[in-house]
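Peer 1: If it helps, the file is called structure_15.cif and holds mmCIF, C-alpha atoms:
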data_start
#
loop_
_atom_site.group_PDB
_atom_site.id
_atom_site.type_symbol
_atom_site.label_atom_id
_atom_site.label_comp_id
_atom_site.auth_asym_id
_atom_site.auth_seq_id
_atom_site.Cartn_x
_atom_site.Cartn_y
_atom_site.Cartn_z
ATOM 1 C CA MET A 1 118.237 -67.715 117.888
ATOM 2 C CA GLN A 2 120.537 -65.552 120.006
ATOM 3 C CA LYS A 3 119.873 -61.808 120.012
ATOM 4 C CA ILE A 4 122.355 -59.136 121.080
ATOM 5 C CA LEU A 5 121.042 -55.898 122.599
ATOM 6 C CA THR A 6 123.205 -52.951 123.607
ATOM 7 C CA PHE A 7 121.818 -50.581 126.250
ATOM 8 C CA CYS A 8 123.333 -47.108 125.942
ATOM 9 C CA SER A 9 122.778 -43.487 126.916
ATOM 10 C CA GLY A 10 124.172 -40.234 125.643
ATOM 11 C CA LYS A 11 124.825 -39.011 129.195
ATOM 12 C CA GLY A 12 125.401 -40.428 132.637
ATOM 13 C CA GLY A 13 122.955 -40.471 135.511
ATOM 14 C CA VAL A 14 119.907 -41.804 133.656
ATOM 15 C CA GLY A 15 119.960 -45.212 135.373
ATOM 16 C CA LYS A 16 121.110 -47.153 132.302
ATOM 17 C CA SER A 17 122.988 -49.899 134.146
ATOM 18 C CA THR A 18 120.163 -50.413 136.631
ATOM 19 C CA VAL A 19 117.668 -50.609 133.759
ATOM 20 C CA ALA A 20 119.831 -53.056 131.782
ATOM 21 C CA THR A 21 120.253 -55.280 134.826
ATOM 22 C CA CYS A 22 116.565 -55.246 135.756
ATOM 23 C CA VAL A 23 115.510 -55.977 132.177
ATOM 24 C CA ALA A 24 118.022 -58.836 131.950
ATOM 25 C CA ALA A 25 116.701 -60.348 135.193
ATOM 26 C CA SER A 26 113.105 -59.949 133.991
ATOM 27 C CA ILE A 27 113.888 -61.773 130.729
ATOM 28 C CA VAL A 28 115.405 -64.627 132.742
ATOM 29 C CA CYS A 29 112.167 -64.816 134.737
ATOM 30 C CA ARG A 30 110.454 -65.614 131.416
ATOM 31 C CA GLY A 31 112.533 -68.777 131.144
ATOM 32 C CA LYS A 32 115.296 -67.371 128.924
ATOM 33 C CA ARG A 33 119.064 -67.552 129.365
ATOM 34 C CA VAL A 34 120.766 -64.149 129.450
ATOM 35 C CA LEU A 35 124.395 -63.042 129.453
ATOM 36 C CA LEU A 36 124.811 -59.512 130.830
ATOM 37 C CA VAL A 37 128.032 -57.926 129.555
ATOM 38 C CA ASP A 38 129.645 -54.998 131.364
ATOM 39 C CA ALA A 39 131.187 -52.911 128.564
ATOM 40 C CA ASP A 40 132.476 -50.106 130.781
ATOM 41 C CA GLN A 41 136.086 -50.901 129.993
ATOM 42 C CA GLY A 42 138.348 -50.742 133.031
ATOM 43 C CA ILE A 43 135.559 -49.831 135.500
ATOM 44 C CA ALA A 44 133.315 -52.888 135.736
ATOM 45 C CA GLY A 45 130.605 -52.690 138.395
ATOM 46 C CA LEU A 46 127.604 -54.804 137.399
ATOM 47 C CA ASP A 47 128.781 -57.610 139.684
ATOM 48 C CA ILE A 48 128.239 -55.291 142.661
ATOM 49 C CA MET A 49 124.752 -54.405 141.450
ATOM 50 C CA LEU A 50 123.932 -58.116 141.237
ATOM 51 C CA GLY A 51 125.274 -58.797 144.718
ATOM 52 C CA MET A 52 128.009 -61.150 143.507
ATOM 53 C CA GLU A 53 130.595 -61.788 146.203
ATOM 54 C CA LYS A 54 133.759 -62.335 144.155
ATOM 55 C CA PRO A 55 134.877 -60.061 141.286
ATOM 56 C CA ALA A 56 135.810 -61.644 137.957
ATOM 57 C CA LEU A 57 139.490 -62.356 137.315
ATOM 58 C CA PHE A 58 139.327 -62.637 133.518
ATOM 59 C CA ASP A 59 137.545 -60.644 130.817
ATOM 60 C CA ILE A 60 136.464 -60.879 127.195
ATOM 61 C CA CYS A 61 139.824 -59.471 126.059
ATOM 62 C CA ASP A 62 141.511 -62.416 127.773
ATOM 63 C CA ALA A 63 139.141 -64.922 126.176
ATOM 64 C CA VAL A 64 139.547 -63.512 122.657
ATOM 65 C CA ALA A 65 143.347 -63.488 123.069
ATOM 66 C CA LYS A 66 143.143 -67.087 124.404
ATOM 67 C CA ARG A 67 144.762 -66.178 127.704
ATOM 68 C CA CYS A 68 141.987 -68.062 129.488
ATOM 69 C CA GLU A 69 139.015 -70.331 128.878
ATOM 70 C CA VAL A 70 135.613 -68.859 128.039
ATOM 71 C CA SER A 71 134.273 -70.492 131.201
ATOM 72 C CA ASP A 72 136.677 -68.283 133.203
ATOM 73 C CA VAL A 73 134.976 -65.154 131.821
ATOM 74 C CA VAL A 74 131.286 -66.095 132.019
ATOM 75 C CA ILE A 75 130.210 -66.056 135.668
ATOM 76 C CA PRO A 76 126.776 -67.462 136.658
ATOM 77 C CA CYS A 77 124.796 -65.189 138.942
ATOM 78 C CA PRO A 78 124.163 -67.094 142.201
ATOM 79 C CA GLY A 79 120.966 -65.163 142.890
ATOM 80 C CA LEU A 80 119.171 -66.048 139.655
ATOM 81 C CA ALA A 81 119.650 -69.225 137.636
ATOM 82 C CA GLY A 82 119.827 -68.469 133.923
ATOM 83 C CA LEU A 83 121.598 -65.116 134.337
ATOM 84 C CA SER A 84 125.362 -64.838 133.822
ATOM 85 C CA THR A 85 127.751 -61.907 133.579
ATOM 86 C CA ALA A 86 130.984 -61.094 131.773
ATOM 87 C CA SER A 87 133.206 -58.013 131.589
ATOM 88 C CA VAL A 88 134.720 -56.585 128.418
ATOM 89 C CA ALA A 89 137.980 -55.326 129.950
ATOM 90 C CA LEU A 90 138.898 -55.252 133.621
ATOM 91 C CA SER A 91 141.867 -52.888 133.384
ATOM 92 C CA PRO A 92 142.474 -49.569 131.574
ATOM 93 C CA GLU A 93 145.498 -51.080 129.805
ATOM 94 C CA LYS A 94 143.207 -53.279 127.707
ATOM 95 C CA PHE A 95 140.809 -52.264 124.954
ATOM 96 C CA CYS A 96 138.201 -54.494 123.378
ATOM 97 C CA THR A 97 137.123 -53.555 119.850
ATOM 98 C CA GLY A 98 133.675 -54.092 118.425
ATOM 99 C CA GLU A 99 135.034 -57.028 116.430
ATOM 100 C CA ASP A 100 136.470 -58.564 119.625
ATOM 101 C CA ILE A 101 133.086 -58.329 121.344
ATOM 102 C CA SER A 102 131.306 -59.665 118.246
ATOM 103 C CA ARG A 103 133.731 -62.606 118.079
ATOM 104 C CA PHE A 104 133.067 -63.412 121.721
ATOM 105 C CA CYS A 105 129.298 -63.253 121.140
ATOM 106 C CA ARG A 106 129.675 -65.716 118.254
ATOM 107 C CA ILE A 107 131.534 -68.079 120.584
ATOM 108 C CA MET A 108 128.552 -67.831 122.945
ATOM 109 C CA ALA A 109 126.056 -68.723 120.186
ATOM 110 C CA GLY A 110 123.660 -71.387 121.417
ATOM 111 C CA GLN A 111 124.475 -70.899 125.086
ATOM 112 C CA PHE A 112 122.249 -67.868 125.649
ATOM 113 C CA ASP A 113 118.961 -66.605 124.237
ATOM 114 C CA PHE A 114 119.950 -62.969 124.765
ATOM 115 C CA ILE A 115 123.210 -61.115 125.276
ATOM 116 C CA ILE A 116 122.662 -57.686 126.839
ATOM 117 C CA ILE A 117 125.623 -55.316 126.583
ATOM 118 C CA ASP A 118 125.668 -52.444 129.063
ATOM 119 C CA ALA A 119 127.600 -49.714 127.235
ATOM 120 C CA PRO A 120 129.428 -46.963 129.165
ATOM 121 C CA ALA A 121 127.729 -43.581 129.443
ATOM 122 C CA GLY A 122 128.506 -41.031 126.774
ATOM 123 C CA LEU A 123 129.926 -41.438 123.286
ATOM 124 C CA GLY A 124 133.376 -42.445 122.061
ATOM 125 C CA ARG A 125 135.297 -45.537 121.072
ATOM 126 C CA GLU A 126 133.949 -47.659 123.940
ATOM 127 C CA PHE A 127 130.425 -46.729 122.855
ATOM 128 C CA ASP A 128 131.312 -47.629 119.257
ATOM 129 C CA SER A 129 132.623 -51.039 120.347
ATOM 130 C CA ALA A 130 129.517 -51.856 122.359
ATOM 131 C CA VAL A 131 127.148 -50.793 119.560
ATOM 132 C CA THR A 132 129.093 -52.548 116.782
ATOM 133 C CA ALA A 133 128.339 -55.961 118.274
ATOM 134 C CA ALA A 134 124.588 -55.323 118.673
ATOM 135 C CA ASP A 135 121.647 -56.533 116.632
ATOM 136 C CA GLU A 136 119.605 -53.728 118.167
ATOM 137 C CA VAL A 137 120.352 -50.771 120.442
ATOM 138 C CA VAL A 138 118.221 -49.542 123.347
ATOM 139 C CA ILE A 139 118.631 -45.847 124.178
ATOM 140 C CA VAL A 140 117.915 -45.254 127.868
ATOM 141 C CA SER A 141 117.001 -41.716 128.870
ATOM 142 C CA THR A 142 115.262 -39.723 131.553
ATOM 143 C CA PRO A 143 112.574 -37.161 130.587
ATOM 144 C CA ASP A 144 114.520 -33.924 130.910
ATOM 145 C CA ASP A 145 115.848 -31.460 128.360
ATOM 146 C CA ALA A 146 119.541 -32.356 128.780
ATOM 147 C CA ALA A 147 118.823 -36.059 128.395
ATOM 148 C CA LEU A 148 116.575 -35.362 125.396
ATOM 149 C CA ARG A 149 119.433 -33.588 123.601
ATOM 150 C CA ALA A 150 121.828 -36.434 124.430
ATOM 151 C CA ALA A 151 119.349 -39.114 123.344
ATOM 152 C CA THR A 152 118.712 -37.296 120.067
ATOM 153 C CA LYS A 153 122.441 -37.156 119.254
ATOM 154 C CA THR A 154 122.855 -40.772 120.294
ATOM 155 C CA GLY A 155 119.973 -41.893 118.092
ATOM 156 C CA ALA A 156 121.451 -40.066 115.092
ATOM 157 C CA LEU A 157 124.851 -41.684 115.655
ATOM 158 C CA ILE A 158 123.334 -45.162 115.969
ATOM 159 C CA ALA A 159 121.405 -44.653 112.729
ATOM 160 C CA LYS A 160 124.631 -43.541 111.032
ATOM 161 C CA MET A 161 126.210 -46.806 112.160
ATOM 162 C CA GLY A 162 123.391 -48.667 110.425
ATOM 163 C CA LYS A 163 121.799 -50.001 113.598
ATOM 164 C CA LYS A 164 118.155 -50.055 114.652
ATOM 165 C CA SER A 165 117.407 -48.334 117.959
ATOM 166 C CA ARG A 166 114.520 -48.290 120.409
ATOM 167 C CA LEU A 167 113.810 -45.763 123.155
ATOM 168 C CA LEU A 168 113.306 -46.557 126.837
ATOM 169 C CA LEU A 169 112.257 -43.712 129.144
ATOM 170 C CA ASN A 170 113.288 -44.075 132.781
ATOM 171 C CA LYS A 171 111.972 -42.195 135.853
ATOM 172 C CA TYR A 172 109.000 -40.768 133.960
ATOM 173 C CA ASP A 173 106.993 -38.388 136.166
ATOM 174 C CA ARG A 174 103.685 -37.377 134.585
ATOM 175 C CA ARG A 175 103.268 -34.524 137.077
ATOM 176 C CA LEU A 176 106.316 -32.756 135.653
ATOM 177 C CA VAL A 177 105.068 -33.301 132.115
ATOM 178 C CA ARG A 178 101.652 -31.851 132.957
ATOM 179 C CA LYS A 179 103.346 -28.783 134.411
ATOM 180 C CA LYS A 180 105.447 -28.586 131.214
ATOM 181 C CA ILE A 181 108.606 -28.864 133.278
ATOM 182 C CA ALA A 182 109.656 -32.043 131.459
ATOM 183 C CA PRO A 183 109.263 -33.168 127.816
ATOM 184 C CA SER A 184 106.398 -35.528 127.049
ATOM 185 C CA ILE A 185 106.746 -39.074 125.722
ATOM 186 C CA ASP A 186 105.700 -37.858 122.262
ATOM 187 C CA ASP A 187 108.352 -35.128 122.382
ATOM 188 C CA PHE A 188 111.004 -37.744 123.003
ATOM 189 C CA VAL A 189 109.830 -40.175 120.341
ATOM 190 C CA ASP A 190 109.621 -37.408 117.729
ATOM 191 C CA ALA A 191 113.048 -35.956 118.577
ATOM 192 C CA VAL A 192 114.980 -39.220 118.889
ATOM 193 C CA GLY A 193 113.229 -40.922 115.984
ATOM 194 C CA SER A 194 113.239 -44.350 117.648
ATOM 195 C CA GLN A 195 110.378 -46.717 118.387
ATOM 196 C CA LEU A 196 109.292 -46.618 122.029
ATOM 197 C CA LEU A 197 110.200 -49.833 123.873
ATOM 198 C CA GLY A 198 108.843 -48.873 127.258
ATOM 199 C CA VAL A 199 108.370 -46.302 130.011
ATOM 200 C CA ILE A 200 109.494 -46.827 133.592
ATOM 201 C CA PRO A 201 107.569 -44.547 135.974
ATOM 202 C CA PHE A 202 109.274 -42.514 138.651
ATOM 203 C CA ASP A 203 109.096 -44.506 141.891
ATOM 204 C CA SER A 204 110.348 -42.876 145.082
ATOM 205 C CA GLU A 205 110.611 -46.299 146.723
ATOM 206 C CA PHE A 206 112.693 -47.836 143.957
ATOM 207 C CA SER A 207 116.054 -46.454 145.101
ATOM 208 C CA LYS A 208 115.410 -47.723 148.625
ATOM 209 C CA LEU A 209 114.403 -51.166 147.391
ATOM 210 C CA SER A 210 117.288 -51.479 144.929
ATOM 211 C CA ARG A 211 119.869 -51.004 147.682
ATOM 212 C CA LYS A 212 119.148 -54.611 148.652
ATOM 213 C CA GLY A 213 120.105 -55.671 145.114
ATOM 214 C CA VAL A 214 118.057 -55.581 141.935
ATOM 215 C CA LEU A 215 117.293 -59.293 142.213
ATOM 216 C CA MET A 216 115.458 -58.653 145.501
ATOM 217 C CA LEU A 217 112.953 -56.172 144.082
ATOM 218 C CA PRO A 218 109.290 -57.097 144.709
ATOM 219 C CA ARG A 219 107.218 -57.607 141.577
ATOM 220 C CA SER A 220 104.333 -55.702 143.179
ATOM 221 C CA ALA A 221 106.174 -52.380 142.771
ATOM 222 C CA VAL A 222 104.872 -50.364 139.803
ATOM 223 C CA SER A 223 108.368 -49.634 138.481
ATOM 224 C CA VAL A 224 109.322 -53.315 138.715
ATOM 225 C CA GLN A 225 106.217 -54.394 136.792
ATOM 226 C CA SER A 226 107.287 -52.098 133.967
ATOM 227 C CA PHE A 227 110.545 -54.066 133.653
ATOM 228 C CA TYR A 228 108.587 -57.300 133.231
ATOM 229 C CA ASN A 229 106.494 -55.642 130.520
ATOM 230 C CA ILE A 230 109.622 -54.464 128.691
ATOM 231 C CA ALA A 231 111.117 -57.954 128.936
ATOM 232 C CA ALA A 232 107.954 -59.403 127.402
ATOM 233 C CA ARG A 233 108.168 -56.975 124.459
ATOM 234 C CA ILE A 234 111.824 -57.876 123.903
ATOM 235 C CA CYS A 235 110.759 -61.523 123.811
ATOM 236 C CA GLY A 236 108.242 -60.710 121.074
ATOM 237 C CA LYS A 237 105.033 -60.428 123.112
ATOM 238 C CA TYR A 238 102.526 -57.621 122.678
ATOM 239 C CA VAL A 239 102.109 -55.747 125.960
ATOM 240 C CA PRO A 240 100.358 -52.341 125.973
ATOM 241 C CA LEU A 241 102.003 -49.428 127.735
ATOM 242 C CA MET A 242 100.993 -48.888 131.345
ATOM 243 C CA ARG A 243 98.706 -45.925 132.000
ATOM 244 C CA LEU A 244 100.916 -43.258 133.496
#
How would this structure read if it were set down as structure tokens?

Peer 2:
Amino acid sequence: MQKILTFCSGKGGVGKSTVATCVAASIVCRGKRVLLVDADQGIAGLDIMLGMEKPALFDICDAVAKRCEVSDVVIPCPGLAGLSTASVALSPEKFCTGEDISRFCRIMAGQFDFIIIDAPAGLGREFDSAVTAADEVVIVSTPDDAALRAATKTGALIAKMGKKSRLLLNKYDRRLVRKKIAPSIDDFVDAVGSQLLGVIPFDSEFSKLSRKGVLMLPRSAVSVQSFYNIAARICGKYVPLMRL
């Protein structure tokens, strides 16, 4: 049965798109088919992150309006069989509603095991559209006070929309927590009120490695292993949290 997950964040700069892409790729490595949807309307960029050579020419708005075939919108990722991408709207003149995205996801039923929607940073109507289509929402945050406030507000808004959310902490540095410079994992879980999906440790080498493309990341890296663990949990497997 197809499941739709929306990855969101209350603020920019937390690594949401990188996390969504790495999790999507990790789920594919478990033998699943994944469609990664770029919901940043008018400013699509996930194709660059995936190292795809040619940008898409058509988007979900075009497919829903029957200006093109669905096959023109869904682009297989050449670097990883089983992973495909699609963009919600490729120009600022278009706007895709939550119902439009939901309708497109229904068209895709049976073709993918998971649809992962990468929502734009912040809140607003684009956020609402991306969350409306989701079965479950993943709130991505970094462990700092500004991100904690944003994640808390985002969690409250998602609950108001009647959606279940889970929390994913990115760039977690236990040294800062021990020095009480950054909030702890428990602080985040208590404030946001969402079940913890996973913790991605701070890895100084990750940014260097990811410049080659997220599909080229070595599994031996600690941060990369955490993505595989998160993917396993999303697929229904019990995987304990890494000791951080």

Peer 1: Show which residues sit within 7 Å of Leu169 of chain A, as a PyMOL selection string. Count all atoms listed in the file, and ignore same-chain residues fewer than 5 positions away.

Peer 2: chain A and resi 140-143+198-200

Peer 1: Which one of A:Ser84, A:Asn170, A:Ser165, A:Ser129 sits closest to Phe114 of chain A if you count all atoms listed in the file?

Peer 2: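 Closest residue, counting all atoms listed in the file: A:Ser84.
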
Peer 1: Written as a list in words, what is the full residue list that the PyMOL selection byres ((chain A and resi 145) around 12) yields on the file shown?

Peer 2: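 In the shown coordinates, the PyMOL selection byres ((chain A and resi 145) around 12) covers Lys11, Ser141, Thr142, Pro143, Asp144, Ala146, Ala147, Leu148, Arg149, Ala150, Ala151, Thr152, Val177, Lys180, Ile181, Ala182, Pro183, Ser184, Asp187, Phe188 and Ala191 of chain A.
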
Peer 1: Leaving out Asn229 of chain A and any residue of its chain fewer than 4 positions from it, which residues lie within 12 Å of it when counting only C-alpha atoms, given as a ChimeraX atom specification?

Peer 2: /A:22-23,26-27,29-30,168,197-200,219,222-225,233-242

Peer 1: What does the distance from atom CA of Arg33 of chain A to atom CA of Gly51 of chain A come to in Å, to one decimal?

Peer 2: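 Answer for the atom CA of Arg33 of chain A to atom CA of Gly51 of chain A separation: 18.7 Å.
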
Peer 1: Using only C-alpha atoms, which of A:Lys16, A:Arg103, A:Lys171, A:Lys160 sits nearest Asp118 of chain A?

Peer 2: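 Of the candidates, the smallest distance to Asp118 of chain A is held by A:Lys16.
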